[in-house]
>>> print(open('upload.csv').read())   # CSV, C-alpha atoms
chain,number,residue,atom,x,y,z
A,1,MET,CA,-10.7,8.0,-18.3
A,2,PRO,CA,-7.0,8.3,-17.5
A,3,LYS,CA,-4.6,9.3,-20.2
A,4,THR,CA,-2.5,6.3,-19.3
A,5,GLN,CA,-3.3,2.7,-18.3
A,6,PRO,CA,-2.0,0.8,-15.3
A,7,ASN,CA,0.7,-1.8,-15.7
A,8,LEU,CA,-0.5,-5.4,-15.3
A,9,PHE,CA,2.4,-7.8,-14.8
A,10,ALA,CA,1.5,-11.5,-14.6
A,11,PHE,CA,4.0,-14.2,-13.4
A,12,SER,CA,4.0,-17.9,-13.5
A,13,GLY,CA,4.3,-18.2,-9.8
A,14,VAL,CA,4.9,-16.3,-6.6
A,15,ASP,CA,8.7,-16.8,-6.7
A,16,ALA,CA,8.9,-15.0,-10.0
A,17,LEU,CA,6.5,-12.4,-8.8
A,18,ALA,CA,8.6,-11.7,-5.7
A,19,ARG,CA,11.8,-11.3,-7.7
A,20,ALA,CA,10.1,-8.7,-10.0
A,21,LEU,CA,8.6,-6.9,-7.0
A,22,ARG,CA,12.0,-6.7,-5.4
A,23,SER,CA,13.5,-5.1,-8.5
A,24,TYR,CA,10.6,-2.6,-8.8
A,25,ILE,CA,10.8,-1.6,-5.1
A,26,ILE,CA,14.6,-1.2,-5.2
A,27,GLU,CA,14.3,1.0,-8.4
A,28,THR,CA,11.6,3.1,-6.6
A,29,GLN,CA,13.7,3.2,-3.5
A,30,LYS,CA,16.6,4.7,-5.4
A,31,ALA,CA,14.4,7.4,-6.9
A,32,GLY,CA,13.0,8.3,-3.4
A,33,ILE,CA,16.4,8.5,-1.8
A,34,ASP,CA,17.7,10.6,-4.7
A,35,ARG,CA,14.8,13.0,-4.2
A,36,HIS,CA,14.8,13.5,-0.5
A,37,ASP,CA,17.3,11.1,1.1
A,38,SER,CA,14.6,8.8,2.4
A,39,PHE,CA,12.1,6.3,1.1
A,40,LYS,CA,8.5,7.0,2.3
A,41,VAL,CA,6.4,3.8,1.9
A,42,ALA,CA,2.9,2.9,3.1
A,43,VAL,CA,1.9,-0.8,3.3
A,44,SER,CA,-1.4,-2.6,3.8
A,45,GLY,CA,-2.0,-6.0,5.5
A,46,GLY,CA,-3.6,-9.2,4.4
A,47,SER,CA,-1.3,-11.5,2.4
A,48,LEU,CA,1.0,-8.6,1.3
A,49,PRO,CA,3.5,-8.7,4.2
A,50,LYS,CA,4.3,-12.3,3.4
A,51,THR,CA,5.0,-11.6,-0.2
A,52,LEU,CA,7.0,-8.5,0.7
A,53,ALA,CA,9.1,-10.7,3.0
A,54,ALA,CA,9.8,-13.2,0.2
A,55,ALA,CA,10.9,-10.3,-2.0
A,56,LEU,CA,12.9,-8.2,0.4
A,57,LEU,CA,14.6,-10.8,2.6
A,58,ALA,CA,16.1,-12.5,-0.4
A,59,PRO,CA,19.9,-12.3,-0.7
A,60,SER,CA,21.3,-9.4,-2.7
A,61,SER,CA,22.5,-10.2,-6.2
A,62,GLY,CA,25.0,-7.2,-6.2
A,63,PRO,CA,25.6,-3.6,-5.4
A,64,ASN,CA,22.5,-2.4,-7.4
A,65,ASP,CA,20.3,-4.9,-5.5
A,66,VAL,CA,20.4,-3.6,-2.0
A,67,VAL,CA,17.4,-2.7,0.3
A,68,GLU,CA,18.6,0.4,2.2
A,69,TRP,CA,16.4,-0.3,5.2
A,70,THR,CA,17.8,2.6,7.3
A,71,LYS,CA,16.4,5.1,4.7
A,72,TRP,CA,12.9,3.6,4.8
A,73,GLU,CA,10.0,5.3,6.6
A,74,ILE,CA,7.2,2.8,6.8
A,75,PHE,CA,3.6,4.0,7.3
A,76,PHE,CA,0.4,2.0,7.2
A,77,ALA,CA,-2.1,2.5,4.4
A,78,ASP,CA,-4.8,1.4,6.8
A,79,GLU,CA,-4.9,0.0,10.4
A,80,ARG,CA,-7.3,-1.6,12.6
A,81,ALA,CA,-8.3,0.0,16.0
A,82,VAL,CA,-6.6,-2.7,18.0
A,83,PRO,CA,-3.5,-3.0,20.2
A,84,LEU,CA,-0.2,-3.3,18.3
A,85,ASP,CA,0.2,-7.0,19.4
A,86,HIS,CA,-3.3,-8.0,18.4
A,87,ALA,CA,-3.8,-10.6,15.7
A,88,ASP,CA,-5.8,-8.1,13.6
A,89,SER,CA,-3.1,-5.5,13.7
A,90,ASN,CA,-1.4,-4.7,10.3
A,91,TYR,CA,1.6,-3.6,12.3
A,92,ALA,CA,1.8,-6.9,14.1
A,93,LEU,CA,1.6,-8.7,10.8
A,94,LEU,CA,4.4,-6.7,9.2
A,95,LYS,CA,6.5,-7.1,12.3
A,96,SER,CA,6.2,-10.9,12.5
A,97,GLU,CA,6.6,-11.4,8.7
A,98,LEU,CA,9.4,-8.9,8.0
A,99,LEU,CA,10.6,-6.5,10.6
A,100,ASP,CA,11.5,-9.1,13.2
A,101,LYS,CA,13.7,-10.8,10.6
A,102,LEU,CA,15.9,-7.8,9.9
A,103,PRO,CA,19.2,-7.2,11.7
A,104,ALA,CA,19.2,-4.7,14.6
A,105,ASP,CA,21.3,-2.3,12.6
A,106,GLN,CA,19.1,-2.5,9.6
A,107,GLN,CA,15.8,-1.4,11.1
A,108,PRO,CA,13.6,1.1,9.2
A,109,SER,CA,11.7,3.9,10.8
A,110,VAL,CA,8.2,2.5,11.4
A,111,LYS,CA,5.1,4.7,12.1
A,112,PRO,CA,2.4,2.7,13.9
A,113,ILE,CA,-0.8,4.1,15.2
A,114,ASP,CA,-1.0,5.7,18.7
A,115,VAL,CA,-2.9,3.1,20.7
A,116,THR,CA,-3.7,5.6,23.5
A,117,HIS,CA,-6.6,6.7,21.2
A,118,LEU,CA,-8.2,3.3,20.4
A,119,ASP,CA,-11.4,4.3,22.1
A,120,ASP,CA,-11.8,7.4,19.9
A,121,ILE,CA,-11.6,6.4,16.2
A,122,GLN,CA,-11.7,10.0,15.0
A,123,GLU,CA,-8.9,11.0,17.3
A,124,LEU,CA,-6.9,7.9,16.2
A,125,ALA,CA,-7.2,9.1,12.6
A,126,ASP,CA,-6.4,12.7,13.4
A,127,GLN,CA,-3.3,11.6,15.3
A,128,TYR,CA,-2.1,9.4,12.5
A,129,GLU,CA,-2.6,12.3,10.1
A,130,LYS,CA,-0.4,14.4,12.4
A,131,THR,CA,2.2,11.6,12.0
A,132,LEU,CA,2.1,12.2,8.2
A,133,VAL,CA,2.3,15.9,8.6
A,134,ALA,CA,5.4,15.5,10.8
A,135,SER,CA,7.1,13.6,8.0
A,136,PHE,CA,5.8,15.2,4.8
A,137,ALA,CA,5.1,18.8,5.6
A,138,SER,CA,2.5,20.9,7.2
A,139,ARG,CA,-1.0,20.9,5.7
A,140,ASP,CA,-0.5,24.7,5.1
A,141,SER,CA,2.2,24.0,2.7
A,142,VAL,CA,1.0,20.8,0.9
A,143,ARG,CA,-2.4,19.7,-0.2
A,144,LEU,CA,-1.6,16.1,0.0
A,145,PRO,CA,1.4,14.0,1.2
A,146,ILE,CA,3.3,12.3,-1.7
A,147,PHE,CA,4.4,8.8,-0.8
A,148,ASP,CA,7.3,7.4,-2.9
A,149,LEU,CA,5.4,4.0,-2.9
A,150,LEU,CA,2.2,2.5,-1.7
A,151,LEU,CA,2.2,-1.3,-1.4
A,152,LEU,CA,-1.4,-2.5,-1.5
A,153,GLY,CA,-3.5,-5.6,-1.6
A,154,CYS,CA,-6.9,-6.2,-3.3
A,155,GLY,CA,-9.8,-7.7,-1.4
A,156,PRO,CA,-12.2,-10.2,-2.9
A,157,ASP,CA,-14.8,-7.4,-3.1
A,158,GLY,CA,-12.3,-5.0,-4.8
A,159,HIS,CA,-11.5,-3.0,-1.7
A,160,THR,CA,-8.0,-1.7,-1.0
A,161,CYS,CA,-6.7,-0.1,2.2
A,162,SER,CA,-9.9,0.2,4.2
A,163,LEU,CA,-11.7,1.8,1.3
A,164,PHE,CA,-14.7,-0.4,0.5
A,165,PRO,CA,-17.1,-0.5,-2.5
A,166,ASN,CA,-20.0,2.0,-2.4
A,167,HIS,CA,-18.8,3.4,1.0
A,168,ALA,CA,-19.3,7.2,1.7
A,169,LEU,CA,-15.6,7.3,2.6
A,170,LEU,CA,-14.7,7.0,-1.2
A,171,ARG,CA,-16.0,10.6,-1.5
A,172,GLU,CA,-13.7,12.0,1.2
A,173,THR,CA,-11.6,14.8,-0.3
A,174,ASP,CA,-10.3,16.8,2.6
A,175,ALA,CA,-8.8,14.4,5.2
A,176,TRP,CA,-5.5,12.6,4.7
A,177,VAL,CA,-6.5,9.8,7.2
A,178,ALA,CA,-10.1,9.0,7.9
A,179,PRO,CA,-11.9,6.7,10.4
A,180,ILE,CA,-14.3,4.0,9.5
A,181,GLU,CA,-16.5,2.4,12.1
A,182,ASP,CA,-18.7,0.2,9.9
A,183,SER,CA,-16.1,-1.8,7.9
A,184,PRO,CA,-18.0,-4.7,6.2
A,185,LYS,CA,-15.0,-6.8,6.9
A,186,PRO,CA,-14.1,-7.3,10.6
A,187,PRO,CA,-12.8,-5.7,12.7
A,188,PRO,CA,-15.3,-2.8,11.9
A,189,ARG,CA,-13.3,0.1,13.5
A,190,ARG,CA,-10.3,1.2,11.4
A,191,ILE,CA,-8.4,4.1,10.0
A,192,THR,CA,-7.3,4.4,6.4
A,193,LEU,CA,-5.5,6.7,4.0
A,194,THR,CA,-8.1,8.4,1.8
A,195,LEU,CA,-8.5,7.9,-1.9
A,196,PRO,CA,-6.8,11.3,-2.9
A,197,VAL,CA,-3.7,10.4,-0.8
A,198,VAL,CA,-3.5,6.9,-2.3
A,199,THR,CA,-3.8,8.2,-5.9
A,200,HIS,CA,-1.3,11.0,-5.2
A,201,ALA,CA,1.6,8.6,-4.6
A,202,VAL,CA,4.6,8.6,-7.0
A,203,ARG,CA,4.1,4.9,-7.5
A,204,ILE,CA,1.4,2.4,-6.4
A,205,ALA,CA,2.0,-1.4,-6.5
A,206,PHE,CA,-0.8,-3.9,-6.0
A,207,VAL,CA,-0.1,-7.5,-5.2
A,208,ALA,CA,-2.8,-10.1,-5.9
A,209,THR,CA,-2.4,-13.9,-6.2
A,210,GLY,CA,-4.5,-17.0,-6.5
A,211,GLY,CA,-7.4,-18.1,-8.5
A,212,GLY,CA,-9.8,-16.8,-5.9
A,213,LYS,CA,-9.0,-13.3,-7.2
A,214,LYS,CA,-9.9,-13.9,-10.9
A,215,GLU,CA,-13.6,-12.9,-10.8
A,216,ILE,CA,-12.9,-9.6,-9.0
A,217,MET,CA,-9.9,-8.9,-11.2
A,218,LYS,CA,-12.2,-9.2,-14.2
A,219,GLU,CA,-14.5,-6.6,-12.7
A,220,ILE,CA,-11.5,-4.3,-11.8
A,221,PHE,CA,-9.9,-4.4,-15.2
A,222,ASP,CA,-12.6,-5.3,-17.7
A,223,SER,CA,-15.5,-3.1,-16.6
A,224,SER,CA,-16.2,0.4,-15.3
A,225,SER,CA,-17.0,-1.0,-12.0
A,226,GLY,CA,-16.4,1.9,-9.7
A,227,LEU,CA,-14.7,-0.4,-7.3
A,228,PRO,CA,-12.0,1.1,-5.1
A,229,CYS,CA,-9.2,-0.7,-6.9
A,230,THR,CA,-10.6,0.5,-10.2
A,231,LEU,CA,-10.8,4.1,-9.0
A,232,VAL,CA,-7.1,3.9,-8.1
A,233,ASN,CA,-6.3,2.5,-11.6
A,234,GLU,CA,-8.3,5.3,-13.2
A,235,ALA,CA,-6.7,8.1,-11.2
A,236,ALA,CA,-3.1,6.8,-11.2
A,237,GLY,CA,-2.8,5.3,-14.7
A,238,GLU,CA,0.7,4.1,-15.4
A,239,ARG,CA,1.9,5.1,-11.9
A,240,CYS,CA,0.0,2.1,-10.8
A,241,SER,CA,1.4,-1.4,-11.3
A,242,TRP,CA,-0.1,-4.8,-10.5
A,243,PHE,CA,2.0,-7.8,-9.6
A,244,VAL,CA,-0.1,-10.9,-10.0
A,245,ASP,CA,0.2,-14.6,-10.7
A,246,GLU,CA,-1.5,-16.2,-13.7
A,247,PRO,CA,-4.3,-17.8,-11.8
A,248,ALA,CA,-5.4,-14.3,-10.4
A,249,VAL,CA,-5.9,-13.0,-14.0
A,250,ASP,CA,-7.3,-16.1,-15.7
A,251,GLY,CA,-9.9,-14.9,-18.1
A,252,VAL,CA,-9.0,-11.2,-17.7
A,253,SER,CA,-8.8,-9.6,-21.2
A,254,PHE,CA,-6.8,-6.4,-20.1
A,255,PRO,CA,-3.4,-6.6,-21.8
A,256,ARG,CA,-0.4,-7.7,-19.7
A,257,ARG,CA,2.9,-6.0,-19.9
A,258,SER,CA,6.3,-7.7,-19.8
A,259,PHE,CA,8.3,-6.9,-16.7
A,260,LEU,CA,11.9,-5.9,-17.8
>>> encode(input="upload.csv", output="structure tokens")
Amino acid sequence: MPKTQPNLFAFSGVDALARALRSYIIETQKAGIDRHDSFKVAVSGGSLPKTLAAALLAPSSGPNDVVEWTKWEIFFADERAVPLDHADSNYALLKSELLDKLPADQQPSVKPIDVTHLDDIQELADQYEKTLVASFASRDSVRLPIFDLLLLGCGPDGHTCSLFPNHALLRETDAWVAPIEDSPKPPPRRITLTLPVVTHAVRIAFVATGGGKKEIMKEIFDSSSGLPCTLVNEAAGERCSWFVDEPAVDGVSFPRRSFL
């Protein structure tokens, strides 16, 4: 068991959640920029980009509430082996929900997959790992990349990124980015950050909303389920924060924390 517990922040609605998420991201952004003059973030897909847009496109409330987009380096916690304009692409989703709505002079540095390798899923993963190496450091000098922030979702089966329950990929300890050809959720061919990379981040934020999540949230927080989301909680402890609405944690006994 971890020495510390994850933070569970529950909000009355998505608007309140988005305001808190914005505050958390800006605080984490400042720490990243103070450390190395950039903010290295990995994001997943699903409903997350829409919530991120609600949080980050809101008007600034003052000089301490500014998203410094030009300092951001955005990576993808997982991606589907499809063209960048495909409906299943996490890049396409983030682009339509968020990136396309930013001014031309406020564009972050975005790191999509190299679509010339779509036919070779292992090479696709290897090339994306090289993208990480180019930003973080050579594999000779660091064991794992350290993201300032991972922004993740939680699937109805307790998966996160493209790390699925009971999958052999959960035991991967060497690769930074791994291929998966048998995803139980379509499309089957994907790449994903591995569990050691996810849990090595300075901070990890999950976003989960809606009553449809309450049963899996009980499993994640109230049992030793071994689900991917639980494994992240156990490894990261207080470095991991969950931003949820009340319906998503209805019946969950794990204690909530107040977001200050």
>>> closest_atom_pairs(input="upload.csv", of="stretch 56-93 of chain A", to="stretch 187-204 of chain A", cutoff="6 Å", atoms="only C-alpha atoms", output="tab-separated table")
residue	atom	partner	partner_atom	distance
A:Ala77	CA	A:Leu193	CA	5.4
A:Asp78	CA	A:Thr192	CA	3.9
A:Glu79	CA	A:Ile191	CA	5.4
A:Arg80	CA	A:Arg190	CA	4.3
A:Ala81	CA	A:Arg190	CA	5.2
>>> atom_distance(input="upload.csv", atom1="atom CA of A:Lys40", atom2="atom CA of A:Lys71")
8.5 Å
>>> closest_residue(input="upload.csv", among="A:Trp242, A:Phe76, A:Trp176, A:Phe136", to="A:Ile113", atoms="only C-alpha atoms")
A:Phe76
>>> closest_residue(input="upload.csv", among="A:Ala42, A:Ala58, A:Ala87, A:Ile33", to="A:Asp15", atoms="only C-alpha atoms")
A:Ala58
>>> atom_distance(input="upload.csv", atom1="atom CA of A:Asp222", atom2="atom CA of A:Leu48")
23.6 Å
>>> atom_distance(input="upload.csv", atom1="atom CA of A:Leu150", atom2="atom CA of A:Glu246")
22.5 Å
>>> closest_residue(input="upload.csv", among="A:Ser253, A:Ser109, A:Ser241, A:Gln127", to="A:Leu21", atoms="only C-alpha atoms")
A:Ser241
>>> residues_around(input="upload.csv", residues="A:Trp72", least_positions_apart="4", cutoff="9 Å", atoms="only C-alpha atoms", output="short mmCIF file (atom, residue, chain, number, x, y, z; two decimals) with C-alpha atoms, in the coordinates of the input")
data_model
loop_
_atom_site.label_atom_id
_atom_site.label_comp_id
_atom_site.auth_asym_id
_atom_site.auth_seq_id
_atom_site.Cartn_x
_atom_site.Cartn_y
_atom_site.Cartn_z
CA GLN A 29 13.70 3.20 -3.50
CA ILE A 33 16.40 8.50 -1.80
CA SER A 38 14.60 8.80 2.40
CA PHE A 39 12.10 6.30 1.10
CA LYS A 40 8.50 7.00 2.30
CA VAL A 41 6.40 3.80 1.90
CA VAL A 67 17.40 -2.70 0.30
CA GLU A 68 18.60 0.40 2.20
CA GLN A 107 15.80 -1.40 11.10
CA PRO A 108 13.60 1.10 9.20
CA SER A 109 11.70 3.90 10.80
CA VAL A 110 8.20 2.50 11.40
#
>>> residues_around(input="upload.csv", residues="A:Tyr91", least_positions_apart="4", cutoff="7 Å", atoms="all atoms listed in the file", output="list in words")
Leu84, Lys95 and Pro112 of chain A
>>> closest_residue(input="upload.csv", among="A:Thr51, A:Ser12, A:Ser60, A:Gln5", to="A:Ala248", atoms="only C-alpha atoms")
A:Ser12
>>> closest_residue(input="upload.csv", among="A:Ser61, A:Asn90, A:Thr173, A:Thr209", to="A:Val14", atoms="all atoms listed in the file")
A:Thr209
>>> residues_around(input="upload.csv", residues="A:Asn7", least_positions_apart="3", cutoff="9 Å", atoms="only C-alpha atoms", output="ChimeraX atom specification")
/A:237-243,255-257
>>> closest_residue(input="upload.csv", among="A:Met217, A:Ala125, A:Ala235, A:Leu144", to="A:Val177", atoms="only C-alpha atoms")
A:Ala125
>>> residues_around(input="upload.csv", residues="A:Phe221", least_positions_apart="6", cutoff="9 Å", atoms="all atoms listed in the file", output="VMD selection string")
chain A and resid 230 233 252 to 254
>>> residues_near_point(input="upload.csv", point="(3.3, -5.1, -7.6)", cutoff="9 Å", atoms="all atoms listed in the file", output="list in words")
Leu8, Phe9, Leu17, Ala18, Ala20, Leu21, Tyr24, Ile25, Leu151, Leu152, Ile204, Ala205, Phe206, Val207, Ala208, Cys240, Ser241, Trp242, Phe243 and Val244 of chain A
>>> residues_around(input="upload.csv", residues="A:Val249", least_positions_apart="6", cutoff="8 Å", atoms="only C-alpha atoms", output="ChimeraX atom specification")
/A:10,211,213-214,217-218
>>> build_atoms(input="upload.csv", residues="stretch 70-81 of chain A", atoms="all heavy atoms", output="compact mmCIF listing (two decimals), keeping the file's coordinate frame")
# COMPACT_ATOMS: atom_id res chain seq x y z
N THR A 70 17.65 1.45 6.40
CA THR A 70 17.80 2.60 7.30
C THR A 70 17.26 3.89 6.69
O THR A 70 17.09 4.89 7.40
CB THR A 70 19.22 2.78 7.79
OG1 THR A 70 20.06 2.96 6.65
CG2 THR A 70 19.69 1.55 8.58
N LYS A 71 17.02 3.89 5.39
CA LYS A 71 16.40 5.10 4.70
C LYS A 71 14.92 4.98 4.61
O LYS A 71 14.27 5.94 4.18
CB LYS A 71 17.02 5.18 3.30
CG LYS A 71 18.52 5.39 3.22
CD LYS A 71 18.89 6.82 3.58
CE LYS A 71 20.36 7.10 3.27
NZ LYS A 71 20.74 8.49 3.63
N TRP A 72 14.35 3.85 5.00
CA TRP A 72 12.90 3.60 4.80
C TRP A 72 12.14 4.30 5.98
O TRP A 72 12.54 4.22 7.15
CB TRP A 72 12.59 2.15 4.84
CG TRP A 72 12.89 1.42 3.58
CD1 TRP A 72 14.05 1.46 2.86
CD2 TRP A 72 12.05 0.50 2.89
NE1 TRP A 72 13.99 0.64 1.78
CE2 TRP A 72 12.75 0.03 1.77
CE3 TRP A 72 10.75 0.03 3.12
CZ2 TRP A 72 12.21 -0.90 0.89
CZ3 TRP A 72 10.21 -0.89 2.24
CH2 TRP A 72 10.93 -1.35 1.13
N GLU A 73 11.02 4.92 5.63
CA GLU A 73 10.00 5.30 6.60
C GLU A 73 8.73 4.54 6.20
O GLU A 73 8.18 4.75 5.11
CB GLU A 73 9.70 6.82 6.51
CG GLU A 73 10.72 7.71 7.15
CD GLU A 73 10.24 9.16 7.14
OE1 GLU A 73 9.24 9.47 7.81
OE2 GLU A 73 10.87 9.95 6.43
N ILE A 74 8.30 3.66 7.08
CA ILE A 74 7.20 2.80 6.80
C ILE A 74 5.92 3.29 7.53
O ILE A 74 5.91 3.36 8.76
CB ILE A 74 7.46 1.33 7.14
CG1 ILE A 74 8.67 0.82 6.34
CG2 ILE A 74 6.23 0.46 6.86
CD1 ILE A 74 9.05 -0.62 6.65
N PHE A 75 4.89 3.60 6.78
CA PHE A 75 3.60 4.00 7.30
C PHE A 75 2.59 2.86 6.97
O PHE A 75 2.92 1.93 6.22
CB PHE A 75 3.12 5.28 6.68
CG PHE A 75 4.03 6.45 6.93
CD1 PHE A 75 5.17 6.65 6.15
CD2 PHE A 75 3.76 7.36 7.94
CE1 PHE A 75 6.02 7.72 6.38
CE2 PHE A 75 4.60 8.44 8.18
CZ PHE A 75 5.73 8.62 7.40
N PHE A 76 1.40 2.99 7.50
CA PHE A 76 0.40 2.00 7.20
C PHE A 76 -0.75 2.60 6.43
O PHE A 76 -1.32 3.63 6.81
CB PHE A 76 -0.11 1.36 8.55
CG PHE A 76 0.98 0.55 9.19
CD1 PHE A 76 1.89 1.14 10.04
CD2 PHE A 76 1.16 -0.78 8.85
CE1 PHE A 76 2.95 0.41 10.58
CE2 PHE A 76 2.21 -1.52 9.37
CZ PHE A 76 3.10 -0.92 10.24
N ALA A 77 -1.04 1.97 5.29
CA ALA A 77 -2.10 2.50 4.40
C ALA A 77 -3.45 2.41 5.09
O ALA A 77 -4.34 3.21 4.82
CB ALA A 77 -2.10 1.68 3.11
N ASP A 78 -3.61 1.43 5.96
CA ASP A 78 -4.80 1.40 6.80
C ASP A 78 -4.36 0.57 8.07
O ASP A 78 -3.37 -0.15 8.07
CB ASP A 78 -5.99 0.78 6.16
CG ASP A 78 -5.85 -0.70 5.83
OD1 ASP A 78 -4.75 -1.13 5.43
OD2 ASP A 78 -6.85 -1.43 5.99
N GLU A 79 -5.14 0.74 9.12
CA GLU A 79 -4.90 0.00 10.40
C GLU A 79 -6.16 -0.23 11.10
O GLU A 79 -7.11 0.55 10.99
CB GLU A 79 -3.84 0.76 11.21
CG GLU A 79 -3.40 0.04 12.47
CD GLU A 79 -2.81 -1.34 12.23
OE1 GLU A 79 -3.59 -2.28 11.95
OE2 GLU A 79 -1.57 -1.49 12.33
N ARG A 80 -6.17 -1.29 11.85
CA ARG A 80 -7.30 -1.60 12.60
C ARG A 80 -7.19 -1.02 14.04
O ARG A 80 -6.07 -0.91 14.54
CB ARG A 80 -7.47 -3.15 12.73
CG ARG A 80 -7.81 -3.82 11.39
CD ARG A 80 -6.58 -4.08 10.53
NE ARG A 80 -6.91 -4.69 9.24
CZ ARG A 80 -7.08 -6.00 9.07
NH1 ARG A 80 -6.97 -6.82 10.10
NH2 ARG A 80 -7.39 -6.47 7.89
N ALA A 81 -8.31 -0.63 14.64
CA ALA A 81 -8.30 0.00 16.00
C ALA A 81 -8.14 -1.06 17.05
O ALA A 81 -9.06 -1.35 17.81
CB ALA A 81 -9.51 0.85 16.17
